[in-house]
$ cat run_5.pdb   # PDB, C-alpha atoms, pLDDT in the B column
ATOM      1  CA  MET S 172      -3.504  17.028 -43.861  1.00 48.00           C
ATOM      2  CA  MET S 173      -3.394  15.141 -40.604  1.00 59.00           C
ATOM      3  CA  ASP S 174      -3.668  11.359 -40.966  1.00 69.00           C
ATOM      4  CA  ASP S 175      -6.935  11.159 -38.982  1.00 68.00           C
ATOM      5  CA  LEU S 176      -8.551  13.887 -41.074  1.00 60.00           C
ATOM      6  CA  ARG S 177      -7.288  12.287 -44.302  1.00 69.00           C
ATOM      7  CA  GLU S 178      -8.755   8.932 -43.272  1.00 75.00           C
ATOM      8  CA  LEU S 179     -12.085  10.538 -42.345  1.00 69.00           C
ATOM      9  CA  TYR S 180     -12.043  12.448 -45.661  1.00 73.00           C
ATOM     10  CA  GLN S 181     -11.621   9.179 -47.562  1.00 81.00           C
ATOM     11  CA  GLU S 182     -14.365   7.442 -45.552  1.00 86.00           C
ATOM     12  CA  VAL S 183     -16.828  10.306 -46.089  1.00 84.00           C
ATOM     13  CA  ILE S 184     -16.064  10.483 -49.822  1.00 86.00           C
ATOM     14  CA  LEU S 185     -16.583   6.735 -50.181  1.00 89.00           C
ATOM     15  CA  ASP S 186     -19.782   6.675 -48.107  1.00 92.00           C
ATOM     16  CA  HIS S 187     -21.495   9.661 -49.737  1.00 92.00           C
ATOM     17  CA  GLY S 188     -20.079   8.812 -53.167  1.00 90.00           C
ATOM     18  CA  LYS S 189     -21.450   5.264 -53.128  1.00 93.00           C
ATOM     19  CA  HIS S 190     -24.642   6.062 -51.211  1.00 95.00           C
ATOM     20  CA  PRO S 191     -25.586   9.656 -51.991  1.00 97.00           C
ATOM     21  CA  ARG S 192     -28.285  11.176 -49.834  1.00 97.00           C
ATOM     22  CA  ASN S 193     -31.209  13.034 -51.398  1.00 98.00           C
ATOM     23  CA  PHE S 194     -30.397  11.872 -54.938  1.00 98.00           C
ATOM     24  CA  ARG S 195     -33.817  12.547 -56.441  1.00 98.00           C
ATOM     25  CA  HIS S 196     -36.065  15.165 -58.025  1.00 97.00           C
ATOM     26  CA  PRO S 197     -38.564  16.521 -55.469  1.00 96.00           C
ATOM     27  CA  ASP S 198     -42.009  17.099 -56.962  1.00 94.00           C
ATOM     28  CA  ASP S 199     -42.518  20.337 -55.059  1.00 96.00           C
ATOM     29  CA  ALA S 200     -39.157  22.007 -55.794  1.00 97.00           C
ATOM     30  CA  ASN S 201     -39.650  25.697 -56.505  1.00 97.00           C
ATOM     31  CA  ARG S 202     -36.016  26.522 -57.263  1.00 97.00           C
ATOM     32  CA  GLU S 203     -33.438  24.672 -59.303  1.00 97.00           C
ATOM     33  CA  ALA S 204     -30.069  25.365 -60.822  1.00 98.00           C
ATOM     34  CA  LYS S 205     -27.605  23.461 -62.935  1.00 97.00           C
ATOM     35  CA  GLY S 206     -23.916  23.118 -62.213  1.00 96.00           C
ATOM     36  CA  GLU S 207     -21.601  21.788 -64.873  1.00 94.00           C
ATOM     37  CA  ASN S 208     -17.842  21.359 -65.048  1.00 90.00           C
ATOM     38  CA  PRO S 209     -16.978  20.919 -68.734  1.00 86.00           C
ATOM     39  CA  MET S 210     -13.349  20.108 -67.880  1.00 84.00           C
ATOM     40  CA  CYS S 211     -14.237  16.779 -66.237  1.00 84.00           C
ATOM     41  CA  GLY S 212     -17.861  16.146 -67.182  1.00 90.00           C
ATOM     42  CA  ASP S 213     -19.442  16.570 -63.731  1.00 94.00           C
ATOM     43  CA  ARG S 214     -23.052  17.751 -64.093  1.00 96.00           C
ATOM     44  CA  PHE S 215     -25.625  18.262 -61.384  1.00 97.00           C
ATOM     45  CA  MET S 216     -29.044  19.780 -61.024  1.00 98.00           C
ATOM     46  CA  VAL S 217     -29.795  21.010 -57.512  1.00 98.00           C
ATOM     47  CA  TYR S 218     -33.421  21.317 -56.418  1.00 98.00           C
ATOM     48  CA  LEU S 219     -34.665  23.426 -53.514  1.00 98.00           C
ATOM     49  CA  THR S 220     -38.071  23.754 -51.948  1.00 98.00           C
ATOM     50  CA  LEU S 221     -38.136  27.084 -50.144  1.00 97.00           C
ATOM     51  CA  LYS S 222     -41.069  27.685 -47.817  1.00 97.00           C
ATOM     52  CA  ASP S 223     -41.258  30.921 -45.863  1.00 97.00           C
ATOM     53  CA  GLY S 224     -37.525  31.498 -46.391  1.00 96.00           C
ATOM     54  CA  VAL S 225     -36.523  28.035 -45.129  1.00 98.00           C
ATOM     55  CA  VAL S 226     -35.025  25.197 -47.163  1.00 98.00           C
ATOM     56  CA  ASP S 227     -37.817  22.687 -46.624  1.00 98.00           C
ATOM     57  CA  ASP S 228     -36.305  20.190 -49.059  1.00 98.00           C
ATOM     58  CA  VAL S 229     -33.107  19.932 -51.054  1.00 98.00           C
ATOM     59  CA  ALA S 230     -31.996  17.259 -53.470  1.00 98.00           C
ATOM     60  CA  PHE S 231     -29.820  16.720 -56.510  1.00 98.00           C
ATOM     61  CA  GLN S 232     -29.500  14.607 -59.625  1.00 98.00           C
ATOM     62  CA  GLY S 233     -26.748  14.150 -62.134  1.00 96.00           C
ATOM     63  CA  ARG S 234     -23.412  12.489 -62.420  1.00 95.00           C
ATOM     64  CA  GLY S 235     -19.907  13.209 -61.374  1.00 94.00           C
ATOM     65  CA  CYS S 236     -16.805  11.889 -59.718  1.00 92.00           C
ATOM     66  CA  ALA S 237     -16.842  10.562 -56.156  1.00 92.00           C
ATOM     67  CA  ILE S 238     -15.772  13.936 -54.720  1.00 92.00           C
ATOM     68  CA  SER S 239     -18.470  15.959 -56.474  1.00 95.00           C
ATOM     69  CA  THR S 240     -21.167  13.400 -55.659  1.00 96.00           C
ATOM     70  CA  ALA S 241     -20.094  13.173 -52.013  1.00 94.00           C
ATOM     71  CA  SER S 242     -19.980  16.946 -51.690  1.00 96.00           C
ATOM     72  CA  ALA S 243     -23.452  17.314 -53.222  1.00 97.00           C
ATOM     73  CA  SER S 244     -24.803  14.646 -50.885  1.00 97.00           C
ATOM     74  CA  MET S 245     -23.266  16.323 -47.827  1.00 96.00           C
ATOM     75  CA  MET S 246     -24.569  19.695 -48.965  1.00 97.00           C
ATOM     76  CA  THR S 247     -28.150  18.407 -49.064  1.00 98.00           C
ATOM     77  CA  GLU S 248     -27.898  17.138 -45.493  1.00 97.00           C
ATOM     78  CA  LEU S 249     -26.351  20.334 -44.163  1.00 96.00           C
ATOM     79  CA  VAL S 250     -28.610  22.831 -45.943  1.00 97.00           C
ATOM     80  CA  HIS S 251     -31.919  21.104 -45.212  1.00 98.00           C
ATOM     81  CA  GLY S 252     -33.915  23.025 -42.588  1.00 97.00           C
ATOM     82  CA  LYS S 253     -31.723  26.131 -42.771  1.00 97.00           C
ATOM     83  CA  THR S 254     -32.980  29.569 -43.684  1.00 97.00           C
ATOM     84  CA  ALA S 255     -31.910  30.885 -47.064  1.00 97.00           C
ATOM     85  CA  ALA S 256     -29.486  33.235 -45.272  1.00 96.00           C
ATOM     86  CA  GLU S 257     -28.001  30.340 -43.262  1.00 96.00           C
ATOM     87  CA  ALA S 258     -27.658  28.232 -46.420  1.00 97.00           C
ATOM     88  CA  GLU S 259     -25.798  31.081 -48.107  1.00 96.00           C
ATOM     89  CA  LYS S 260     -23.455  31.352 -45.100  1.00 96.00           C
ATOM     90  CA  LEU S 261     -22.783  27.613 -45.365  1.00 96.00           C
ATOM     91  CA  PHE S 262     -21.962  28.064 -49.052  1.00 96.00           C
ATOM     92  CA  HIS S 263     -19.450  30.792 -48.224  1.00 95.00           C
ATOM     93  CA  ALA S 264     -17.957  28.788 -45.333  1.00 95.00           C
ATOM     94  CA  PHE S 265     -17.531  25.731 -47.547  1.00 95.00           C
ATOM     95  CA  HIS S 266     -16.009  27.747 -50.368  1.00 93.00           C
ATOM     96  CA  GLU S 267     -13.541  29.347 -47.953  1.00 93.00           C
ATOM     97  CA  LEU S 268     -12.559  25.956 -46.493  1.00 92.00           C
ATOM     98  CA  CYS S 269     -11.917  24.546 -49.954  1.00 93.00           C
ATOM     99  CA  THR S 270     -10.008  27.492 -51.375  1.00 92.00           C
ATOM    100  CA  GLN S 271      -8.200  29.342 -48.576  1.00 91.00           C
ATOM    101  CA  ASP S 272      -5.348  28.259 -46.319  1.00 88.00           C
ATOM    102  CA  GLU S 273      -6.724  30.608 -43.653  1.00 90.00           C
ATOM    103  CA  PRO S 274     -10.479  30.571 -44.287  1.00 88.00           C
ATOM    104  CA  ASP S 275     -12.624  33.531 -43.271  1.00 89.00           C
ATOM    105  CA  ILE S 276     -15.698  31.734 -41.946  1.00 89.00           C
ATOM    106  CA  PRO S 277     -18.902  33.789 -41.778  1.00 88.00           C
ATOM    107  CA  GLU S 278     -20.335  34.416 -38.324  1.00 90.00           C
ATOM    108  CA  GLY S 279     -23.242  32.231 -37.365  1.00 88.00           C
ATOM    109  CA  VAL S 280     -21.995  28.893 -38.739  1.00 90.00           C
ATOM    110  CA  ASP S 281     -22.121  26.493 -35.790  1.00 89.00           C
ATOM    111  CA  ASP S 282     -19.175  24.338 -34.693  1.00 88.00           C
ATOM    112  CA  GLU S 283     -20.874  21.009 -35.435  1.00 91.00           C
ATOM    113  CA  THR S 284     -21.545  22.040 -39.036  1.00 90.00           C
ATOM    114  CA  MET S 285     -17.997  23.346 -39.386  1.00 87.00           C
ATOM    115  CA  GLU S 286     -16.646  19.970 -38.259  1.00 86.00           C
ATOM    116  CA  LYS S 287     -18.698  18.261 -40.964  1.00 87.00           C
ATOM    117  CA  LEU S 288     -17.519  20.745 -43.587  1.00 87.00           C
ATOM    118  CA  MET S 289     -13.898  20.457 -42.439  1.00 86.00           C
ATOM    119  CA  VAL S 290     -13.759  16.890 -43.727  1.00 84.00           C
ATOM    120  CA  MET S 291     -13.853  18.217 -47.295  1.00 87.00           C
ATOM    121  CA  SER S 292     -11.195  20.885 -46.725  1.00 84.00           C
ATOM    122  CA  GLY S 293      -8.516  18.464 -47.947  1.00 82.00           C
ATOM    123  CA  VAL S 294      -9.424  19.227 -51.551  1.00 87.00           C
ATOM    124  CA  ARG S 295      -7.649  22.552 -51.086  1.00 87.00           C
ATOM    125  CA  GLN S 296      -4.380  20.646 -51.605  1.00 84.00           C
ATOM    126  CA  PHE S 297      -5.556  19.582 -55.072  1.00 85.00           C
ATOM    127  CA  PRO S 298      -6.711  22.683 -56.979  1.00 86.00           C
ATOM    128  CA  VAL S 299      -8.197  20.643 -59.822  1.00 86.00           C
ATOM    129  CA  ARG S 300     -10.481  18.878 -57.314  1.00 89.00           C
ATOM    130  CA  VAL S 301     -11.761  22.120 -55.765  1.00 92.00           C
ATOM    131  CA  LYS S 302     -14.106  22.533 -58.725  1.00 92.00           C
ATOM    132  CA  CYS S 303     -15.429  19.031 -58.138  1.00 92.00           C
ATOM    133  CA  ALA S 304     -16.091  19.701 -54.464  1.00 94.00           C
ATOM    134  CA  THR S 305     -17.726  23.101 -54.918  1.00 95.00           C
ATOM    135  CA  LEU S 306     -19.837  22.428 -58.026  1.00 96.00           C
ATOM    136  CA  ALA S 307     -23.100  21.439 -56.306  1.00 97.00           C
ATOM    137  CA  TRP S 308     -22.620  24.168 -53.698  1.00 97.00           C
ATOM    138  CA  HIS S 309     -22.411  26.806 -56.434  1.00 96.00           C
ATOM    139  CA  ALA S 310     -25.548  25.359 -58.026  1.00 97.00           C
ATOM    140  CA  MET S 311     -27.342  25.461 -54.655  1.00 98.00           C
ATOM    141  CA  ASN S 312     -26.320  29.088 -54.181  1.00 97.00           C
ATOM    142  CA  ALA S 313     -27.516  29.942 -57.697  1.00 97.00           C
ATOM    143  CA  ALA S 314     -30.861  28.259 -56.948  1.00 97.00           C
ATOM    144  CA  LEU S 315     -31.185  30.268 -53.731  1.00 97.00           C
ATOM    145  CA  HIS S 316     -30.855  33.414 -55.832  1.00 95.00           C
ATOM    146  CA  GLY S 317     -33.341  32.236 -58.468  1.00 94.00           C
ATOM    147  CA  GLU S 318     -30.678  31.676 -61.122  1.00 94.00           C
ATOM    148  CA  ALA S 319     -31.008  28.746 -63.533  1.00 92.00           C
ATOM    149  CA  ALA S 320     -27.334  27.828 -63.533  1.00 92.00           C
ATOM    150  CA  ALA S 321     -24.129  28.425 -61.663  1.00 91.00           C
ATOM    151  CA  SER S 322     -21.610  30.255 -63.789  1.00 74.00           C
ATOM    152  CA  SER S 323     -18.675  27.944 -64.556  1.00 61.00           C
ATOM    153  CA  ASP S 324     -16.209  30.759 -63.881  1.00 61.00           C
ATOM    154  CA  GLN S 325     -17.386  30.794 -60.244  1.00 56.00           C
ATOM    155  CA  TYR S 326     -16.034  27.364 -59.331  1.00 51.00           C
TER     156      TYR S 326
END

$ encode --input "run_5.pdb" --output "structure tokens"
Amino acid sequence: MMDDLRELYQEVILDHGKHPRNFRHPDDANREAKGENPMCGDRFMVYLTLKDGVVDDVAFQGRGCAISTASASMMTELVHGKTAAEAEKLFHAFHELCTQDEPDIPEGVDDETMEKLMVMSGVRQFPVRVKCATLAWHAMNAALHGEAAASSDQY
């Protein structure tokens, strides 16, 4: 990873890990899903409030390492205000960035969002950490589809 991107990666992990955004349980959430990584103990519950097909609110609670917490925090900021279809595209884009050397990014994901997601792409070099980074995203995707939990074999 380039030095500038590595430094930004570390800064973002530290910032979101120490000061997670949207770390709460919204009263009006109408979708929720659990994500759990039994290998390391990371556990998150992701809450969505979908109104007319738009993510009106998104939040999470739980505990995990700095990478999983930072990724969950970033996810809440990026998904908020998106349509369910756009949120699902972001999930796929993020998963591709974290798992593929040549990611196949879905059409319709804007450049600014991709730049924000790119910061986390460094986990690809550490396969054990990919599960940490993608855990909350899998839970968010499960919640979008009305599932109670993300399957641990997905991440």

$ resolve_selection --input "run_5.pdb" --expression "the PyMOL selection byres ((chain S and resi 200-212) around 6)" --output "PyMOL selection string"
chain S and resi 197-199+213-220+306+310+314+319-321

$ residues_around --input "run_5.pdb" --residues "Leu315 (chain S)" --least-positions-apart "3" --cutoff "7 Å" --atoms "only C-alpha atoms" --output "PyMOL selection string"
chain S and resi 255+311-312

$ closest_residue --input "run_5.pdb" --among "S:Arg234, S:Arg295, S:Lys189, S:His263" --to "Trp308 (chain S)" --atoms "all atoms listed in the file"
S:His263

$ residues_near_point --input "run_5.pdb" --point "(-30.5, 15.8, -48.3)" --cutoff "10 Å" --atoms "all atoms listed in the file" --output "list in words"
Pro191, Arg192, Asn193, Phe194, Arg195, Asp228, Val229, Ala230, Phe231, Ala243, Ser244, Met245, Met246, Thr247, Glu248, Leu249, Val250, His251 and Gly252 of chain S

$ residues_around --input "run_5.pdb" --residues "Ser239 (chain S)" --least-positions-apart "6" --cutoff "9 Å" --atoms "all atoms listed in the file" --output "ChimeraX atom specification"
/S:184,188,213,215,300,302-307

$ atom_distance --input "run_5.pdb" --atom1 "CA of Gly224 (chain S)" --atom2 "CA of Thr240 (chain S)"
26.1 Å

$ atom_distance --input "run_5.pdb" --atom1 "CA of Phe265 (chain S)" --atom2 "CA of Ser292 (chain S)"
8.0 Å

$ closest_residue --input "run_5.pdb" --among "S:Val280, S:Val290, S:Ala313, S:Leu185" --to "Glu257 (chain S)" --atoms "all atoms listed in the file"
S:Val280

$ closest_residue --input "run_5.pdb" --among "S:Val301, S:Val183, S:Leu221, S:Ala241" --to "Glu267 (chain S)" --atoms "only C-alpha atoms"
S:Val301

$ atom_distance --input "run_5.pdb" --atom1 "CA of Pro277 (chain S)" --atom2 "CA of Leu261 (chain S)"
8.1 Å

$ closest_residue --input "run_5.pdb" --among "S:Ile238, S:Leu268, S:Val225, S:Ala256" --to "Lys287 (chain S)" --atoms "all atoms listed in the file"
S:Leu268
